[in-house]
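I have placed the structure first, in the form of structure tokens, so that the comments after it can refer back to it.
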Amino acid sequence: MRRLTVIALWLLLASGVLAADLLLPLGAAMGVPYVLLALIGGGIDAPWFPFARAALITLFIGIGWYASPVVATNDPAMLAANRLLAVLAVWIAAIWAARRLSAEQAEDRATDLLQTVAEATSDMVFAKDRSGKLVLANPAVCRALGKPAERLLGHDEAEWIEEAGEAVLIRGNDRRIMEGGRTEVVEEWVTIPDGKRLFRVTKMGLRSKAGRVMGLVGVGKDVTAERQADEANQWLAAIIKSTNDAIIGKTLGGIVTSWNGGAERLYGYTADEVIGQTIARLVPPDRPDEVPGILARLGRGEFVDHFETVRVCKDGSLRDVSLNISPIKDTQGQIIGASAIARDITERKETEKKLREFDRRKDEFLAMLGHELRNPLASLANAVEILRMVQDPETVEKSRAIMQRQLAQLTRLVDDLLDVSRISQGKLHLQRSRIELAAVVRSALEDIQELVEQRGHKLSVTFPEVPIFLEADPIRLSQVLTNLLTNAAKYTPPGGHIELLVEWREAGARVSVRDNGLGIPPDKLDSAFEMFGQLDRTLETTYKGLGVGLSLVKSLVELHGGTIEAHSDGLGKGSAFRVWLPIASTIEASQQGTQSGAVAAPPLATRRVLLVDDNPDVAHSLARLMEMLGHETRIAFDGLEAVEVAAVFQPHLVLLDIGLPKLDGYDAARRIRAQPWGEQMVLAAVTGWGQEVDRQRAKVAGFDHHLTKPVKIEALQALLDGVRTQ
């Protein structure tokens with residue numbers, strides 16, 4: 001319809017021109033200028049509406065008609081030719097304009113179709129002109145950017161992107177694509193009110209047929225979630241690859257579909273060896289129902305959490321594992337497989353086993369401790385009752401001997417337990433000095449001589465010809481040898497043979513204690529030195545022990561820088577313990593002079609002794625003992641009373657407990673030392689606290705001596721003999 005309207009207008013204008021020409025008395029003119037000017041007028045490419053363009057062309061034709069050189073002529077042929085050329089020019093321009101109008105209509109229809117398609121798609125569709133301004137933006141663009149169309153159309157990215165750097169990057173991409181006239185896929189970050197979003201866009205540059213840049217069109221989508229999912233998958237893949245846990249994928253039929261590095265390290269199989277194979281190859285033969293049961297639970301959508309079991313590795317070894325298995329579902333919610341995480345708990349299981357064994361030994365130890373304590377306590381109670389009922393000297397002497405032996409046994413038990421505690425806490429310190437090994441051995445032999453005689457054993461001792469000297473703690477080293485010899489005597493049937501051998505060996509000294517007694521099972525040799533270890537000697541019926549002796553021996557030997565080994569051919573075949581110790585040096589005995597100890601002061605007739613203890617039985621019994629030795633005594637039951645009595649009594653010696661009420665022993669000692677009368681007074685701490693730190697603390701507080709309960713009468717006598725009367 002628009003085309004017919006334009007043609008009719010052109011016919012009307014042409015007819016008017018011809019009519020005007022007929023009325024003018026002009027002559028014939030050249031017709032060529034008419035056509036040239038018409039062509040020039042029709043070729044102008046102005047962006048105007050086609051009607052305005054037609055009027056402009058008509059104007060040029062009129063100018064060409066009347067401005068051309070005219071020659072007055074009455075020649076009808078020339079006049080007709082001029083008119084014919086004018087009409088031809090008008091028609092050419094009209095046809096040209098109609099075609100241009102048709103092309104623009106087609107373009108409008110294409111634009112309408114593009115707009116319709118863009119609005120229907122969920123993807124972002126947009127177009128920009130050569131200046132970068134949006135001329136088309138579908139609803140998906142508006143939703144993605146969070147802005148209405150009127151805020152976007154007719155504006156470039158700098159006007160609707162909040163981050164200037166992002167706008168510069170996008171503009172650079174657009175310019176490169178438009179100038180190159182090519183198609184590219186780009187990813188661009190855009191900050192919107194909801195945060196930063198990543199868009200993947202396919203952009204295509206547009207050019208006219210003449211090659212002029214017209215703009216670009218683009219189609220894209222928001223891939224922020226996709227990128228985040230990719231990054232999460234990359235993290236997950238890295239975790240799966242690097243974790244020590246075995247992560248295995250499998251179908252509901254138990255076929256392995258994935259196998260990570262942790263699974264390879266745990267089971268020994270590579271991925272190529274197991275993918276496509278059944279997971280049942282890892283299950284021990286004695287557990288045939290385990291995998292079907294797990295797969296059945298997974299098929300019901302259940303999770304398998306912390307399922308502890310055993311798996312077979314490629315080399316045939318068994319590993320304890322903890323399994324966490326989850327069903328895998330597809331997008332429709334159907335279970336299509338399972339993911340299993342297996343953690344190696346073999347070491348933990350071994351530790352738990354050891355802890356259970358240790359707990360069992362501890363219970364046995366506590367039961368044995370009660371037994372070992374009750375035996376001497378029963379003997380002591382019996383001896384006390386005998387003394388109460390009978391007074392003849394022979395019975396009293398026997399009862400005294402019984403009490404002395406049982407007290408010594410109780411003291412050894414307590415000392416061993418305290419030593420074990422000190423060693424485990426790293427608080428046992430050796431008092432090293434230069435000693436001859438033979439002297440320590442003889443001291444240990446004296447301690448066990450009575451037990452050997454009671455059991456009827458034969459004891460043979462061999463020393464080297466050249467004496468061996470050590471830098472060692474003589475008391476602790478004697479404790480080691482006494483323990484080994486005591487065990488040999490106890491665990492050898494009566495009438496047995498015990499051999500002690502001292503020799504040079506491997507630039508050191510070796511002491512061997514061998515017996516022909518009950519022996520040790522071969523599988524128990526390694527655990528013989530463990531704490532609370534009770535060897536299962538089936539032939540043994542009398543002695544059990546606390547299970548701390550050999551552990552204590554091993555610790556003391558190692559503190560000296562030595563080693564100890566146990567050997568036995570089995571039950572009933574005896575045992576041997578070999579102790580190796582580093583030596584200090586060797587010196588011929590003839591070159592050694594004897595060093596005398598401190599010379600005790602000659603006994604004095606009477607000394608004043610102040611006894612301070614909050615336990616009345618301890619205080620009174622010790623006072624009675626001092627009086628029986630011929631000394632004068634006073635008693636105090638707390639720290640304040642001790643200071644007051646000392647000020648009046650002026651004792652030569654104060655036996656002072658530490659854990660006292662009102663004022664502890666340390667502060668009581670400081671107060672006594674602060675007085676002129678107490679500066680030269682001999683103070684001895686008598687306490688159950690016997691660690692090295694306790695001795696140092698007592699020394700700082702002003703004590704001269706530190707005695708650990710129970711105090712032997714020999715130690716008290718030596719202390720009293722050394723006290724000078726003031």
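Please note that chains go A, B, ... in the order of the structure tokens, that every chain numbers its residues from 1, and that ligands are numbered from 1 in the order shown.
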
Handout entry: Spatial neighbours of A:Leu295, max dist 12 Å, only C-alpha atoms, sep filter under 3 positions, as a VMD selection string
Key = chain A and resid 250 to 255 279 to 280 289 to 292 298 to 304 325 to 327 335 to 340

Practice task
Go through stretch 436-563 of chain A and collect every residue that DSSP, computed from the backbone, puts in helix (DSSP H, G or I); the answer should be as a PyMOL selection string.
Solution key: chain A and resi 437-455+474-490+522-524+549-559

Exercise for the section: List every residue of stretch 162-322 of chain A that DSSP, applied to the backbone, labels as strand (DSSP E), and write the result as a VMD selection string. Expected result: chain A and resid 183 to 192 195 to 207 213 to 222 246 to 251 256 to 259 304 to 312 318 to 322

Problem - Closest of A:Gly249, A:Gly517, A:Leu410, A:Asn483 to A:Gln277 - atom-to-atom distances counting only C-alpha atoms - result: A:Gly249

Exercise for the section: Find the residues near stretch 635-648 of chain A: any atom within 6 Å, counting only C-alpha atoms, skip ones fewer than 2 places away on the same chain, and give them as a list in words. Expected result: Leu610, Leu611, Val612, Asp613, Asp614, Gln650, Leu660, Pro661, Leu663, Asp664 and Ala668 of chain A

Practice task
Identify, on the basis of only C-alpha atoms, every residue whose closest approach to A:His306 does not exceed 8 Å; exclude the query and any residue fewer than 6 positions from it along the same chain; express the result as a ChimeraX atom specification.
Solution key: /A:322-324

Convert the current residue selection to file output with N, CA and C atoms, as an mmCIF file, in the first residue's frame.
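Wrote it out as out.cif, contents follow:
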data_model
loop_
_atom_site.group_PDB
_atom_site.id
_atom_site.type_symbol
_atom_site.label_atom_id
_atom_site.label_comp_id
_atom_site.auth_asym_id
_atom_site.auth_seq_id
_atom_site.Cartn_x
_atom_site.Cartn_y
_atom_site.Cartn_z
ATOM 1 N N SER A 322 37.669 -48.252 58.654
ATOM 2 C CA SER A 322 36.373 -47.702 59.040
ATOM 3 C C SER A 322 35.715 -47.162 57.784
ATOM 4 N N LEU A 323 34.493 -47.636 57.472
ATOM 5 C CA LEU A 323 33.811 -47.288 56.228
ATOM 6 C C LEU A 323 32.665 -46.329 56.476
ATOM 7 N N ASN A 324 32.566 -45.312 55.617
ATOM 8 C CA ASN A 324 31.407 -44.428 55.534
ATOM 9 C C ASN A 324 30.929 -44.493 54.086
#

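Around A:Leu501, within 8 Å and counting only C-alpha atoms, the residues found are Val461, Thr462, Phe463, Glu499, Glu503, Arg510, Val511, Ser512 and Val513 of chain A, once anything fewer than 2 positions away on its own chain is removed.
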
Handout entry: For A:Thr243, the nearest of the candidates A:Ala263, A:Ile192, A:Leu216, A:Leu136, counting only C-alpha atoms
Key =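 Checking each candidate against A:Thr243, we get A:Ala263 as the closest.
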
Problem - Selection near A:His567, 7 Å with only C-alpha atoms, sequence-local residues under 4 positions removed, as number ranges by chain - result: A: 575-577

Please, could you write that set of residues out with N, CA and C atoms as a PDB file, in the first residue's frame?
ATOM      1  N   SER A 575      66.596 -68.733  82.677  1.00  0.00           N
ATOM      2  CA  SER A 575      66.653 -67.443  81.987  1.00  0.00           C
ATOM      3  C   SER A 575      67.953 -66.747  82.317  1.00  0.00           C
ATOM      4  N   ALA A 576      68.284 -65.754  81.478  1.00  0.00           N
ATOM      5  CA  ALA A 576      69.507 -64.979  81.698  1.00  0.00           C
ATOM      6  C   ALA A 576      69.219 -63.526  81.363  1.00  0.00           C
ATOM      7  N   PHE A 577      69.739 -62.650  82.215  1.00  0.00           N
ATOM      8  CA  PHE A 577      69.622 -61.208  81.981  1.00  0.00           C
ATOM      9  C   PHE A 577      71.036 -60.639  81.920  1.00  0.00           C
TER      10      PHE A 577
END

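Distance check against A:Leu153 using only C-alpha atoms: of A:Asn173, A:Thr633, A:Asn138, A:Thr257, the minimum falls on A:Asn138.
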
Distance query A:Lys203 at most 8 Å, only C-alpha atoms, self and fewer than 4 positions along chain excluded, as a PDB file with all heavy atoms, in the first residue's frame:
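This went into out.pdb:
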ATOM      1  N   ASP A 174      34.150  -5.312  22.781  1.00  0.00           N
ATOM      2  CA  ASP A 174      33.212  -4.934  21.715  1.00  0.00           C
ATOM      3  C   ASP A 174      33.941  -4.274  20.549  1.00  0.00           C
ATOM      4  O   ASP A 174      33.669  -4.585  19.375  1.00  0.00           O
ATOM      5  CB  ASP A 174      32.151  -3.977  22.275  1.00  0.00           C
ATOM      6  CG  ASP A 174      31.218  -4.669  23.255  1.00  0.00           C
ATOM      7  OD1 ASP A 174      31.264  -5.911  23.330  1.00  0.00           O
ATOM      8  OD2 ASP A 174      30.449  -3.968  23.946  1.00  0.00           O
ATOM      9  N   ILE A 177      35.819  -6.835  18.455  1.00  0.00           N
ATOM     10  CA  ILE A 177      34.942  -7.714  17.672  1.00  0.00           C
ATOM     11  C   ILE A 177      34.303  -6.954  16.513  1.00  0.00           C
ATOM     12  O   ILE A 177      34.220  -7.459  15.384  1.00  0.00           O
ATOM     13  CB  ILE A 177      33.871  -8.326  18.596  1.00  0.00           C
ATOM     14  CG1 ILE A 177      34.544  -9.283  19.590  1.00  0.00           C
ATOM     15  CG2 ILE A 177      32.803  -9.050  17.790  1.00  0.00           C
ATOM     16  CD1 ILE A 177      33.624  -9.778  20.677  1.00  0.00           C
ATOM     17  N   THR A 183      33.294 -13.315  15.007  1.00  0.00           N
ATOM     18  CA  THR A 183      32.476 -13.847  16.096  1.00  0.00           C
ATOM     19  C   THR A 183      33.401 -14.423  17.174  1.00  0.00           C
ATOM     20  O   THR A 183      34.298 -15.200  16.870  1.00  0.00           O
ATOM     21  CB  THR A 183      31.525 -14.936  15.597  1.00  0.00           C
ATOM     22  OG1 THR A 183      30.672 -14.389  14.589  1.00  0.00           O
ATOM     23  CG2 THR A 183      30.678 -15.483  16.739  1.00  0.00           C
ATOM     24  N   GLU A 184      33.160 -14.018  18.433  1.00  0.00           N
ATOM     25  CA  GLU A 184      33.974 -14.498  19.553  1.00  0.00           C
ATOM     26  C   GLU A 184      33.082 -14.858  20.728  1.00  0.00           C
ATOM     27  O   GLU A 184      32.005 -14.280  20.903  1.00  0.00           O
ATOM     28  CB  GLU A 184      34.984 -13.435  20.004  1.00  0.00           C
ATOM     29  CG  GLU A 184      36.129 -13.189  19.059  1.00  0.00           C
ATOM     30  CD  GLU A 184      37.160 -12.262  19.677  1.00  0.00           C
ATOM     31  OE1 GLU A 184      37.164 -12.141  20.934  1.00  0.00           O
ATOM     32  OE2 GLU A 184      37.945 -11.666  18.925  1.00  0.00           O
ATOM     33  N   VAL A 185      33.592 -15.818  21.549  1.00  0.00           N
ATOM     34  CA  VAL A 185      32.950 -16.152  22.820  1.00  0.00           C
ATOM     35  C   VAL A 185      33.821 -15.583  23.932  1.00  0.00           C
ATOM     36  O   VAL A 185      35.002 -15.931  24.037  1.00  0.00           O
ATOM     37  CB  VAL A 185      32.782 -17.669  22.996  1.00  0.00           C
ATOM     38  CG1 VAL A 185      32.147 -17.978  24.350  1.00  0.00           C
ATOM     39  CG2 VAL A 185      31.939 -18.249  21.875  1.00  0.00           C
ATOM     40  N   VAL A 186      33.255 -14.701  24.732  1.00  0.00           N
ATOM     41  CA  VAL A 186      34.011 -14.042  25.794  1.00  0.00           C
ATOM     42  C   VAL A 186      33.285 -14.245  27.119  1.00  0.00           C
ATOM     43  O   VAL A 186      32.071 -14.462  27.152  1.00  0.00           O
ATOM     44  CB  VAL A 186      34.203 -12.536  25.504  1.00  0.00           C
ATOM     45  CG1 VAL A 186      35.060 -12.324  24.278  1.00  0.00           C
ATOM     46  CG2 VAL A 186      32.861 -11.835  25.344  1.00  0.00           C
ATOM     47  N   LEU A 216      27.110  -4.621  16.724  1.00  0.00           N
ATOM     48  CA  LEU A 216      27.254  -6.049  17.007  1.00  0.00           C
ATOM     49  C   LEU A 216      25.989  -6.573  17.645  1.00  0.00           C
ATOM     50  O   LEU A 216      25.174  -5.813  18.176  1.00  0.00           O
ATOM     51  CB  LEU A 216      28.464  -6.335  17.895  1.00  0.00           C
ATOM     52  CG  LEU A 216      28.531  -5.773  19.319  1.00  0.00           C
ATOM     53  CD1 LEU A 216      27.666  -6.547  20.306  1.00  0.00           C
ATOM     54  CD2 LEU A 216      29.968  -5.787  19.817  1.00  0.00           C
ATOM     55  N   VAL A 217      25.828  -7.886  17.587  1.00  0.00           N
ATOM     56  CA  VAL A 217      24.756  -8.567  18.304  1.00  0.00           C
ATOM     57  C   VAL A 217      25.403  -9.597  19.219  1.00  0.00           C
ATOM     58  O   VAL A 217      26.504 -10.082  18.950  1.00  0.00           O
ATOM     59  CB  VAL A 217      23.766  -9.254  17.337  1.00  0.00           C
ATOM     60  CG1 VAL A 217      23.003  -8.221  16.532  1.00  0.00           C
ATOM     61  CG2 VAL A 217      24.487 -10.235  16.432  1.00  0.00           C
ATOM     62  N   GLY A 218      24.702  -9.925  20.314  1.00  0.00           N
ATOM     63  CA  GLY A 218      25.251 -10.886  21.261  1.00  0.00           C
ATOM     64  C   GLY A 218      24.186 -11.765  21.873  1.00  0.00           C
ATOM     65  O   GLY A 218      23.042 -11.340  22.053  1.00  0.00           O
ATOM     66  N   VAL A 219      24.590 -12.989  22.192  1.00  0.00           N
ATOM     67  CA  VAL A 219      23.729 -13.950  22.884  1.00  0.00           C
ATOM     68  C   VAL A 219      24.558 -14.527  24.033  1.00  0.00           C
ATOM     69  O   VAL A 219      25.689 -14.968  23.824  1.00  0.00           O
ATOM     70  CB  VAL A 219      23.256 -15.079  21.954  1.00  0.00           C
ATOM     71  CG1 VAL A 219      22.390 -16.065  22.726  1.00  0.00           C
ATOM     72  CG2 VAL A 219      22.503 -14.524  20.769  1.00  0.00           C
TER      73      VAL A 219
END
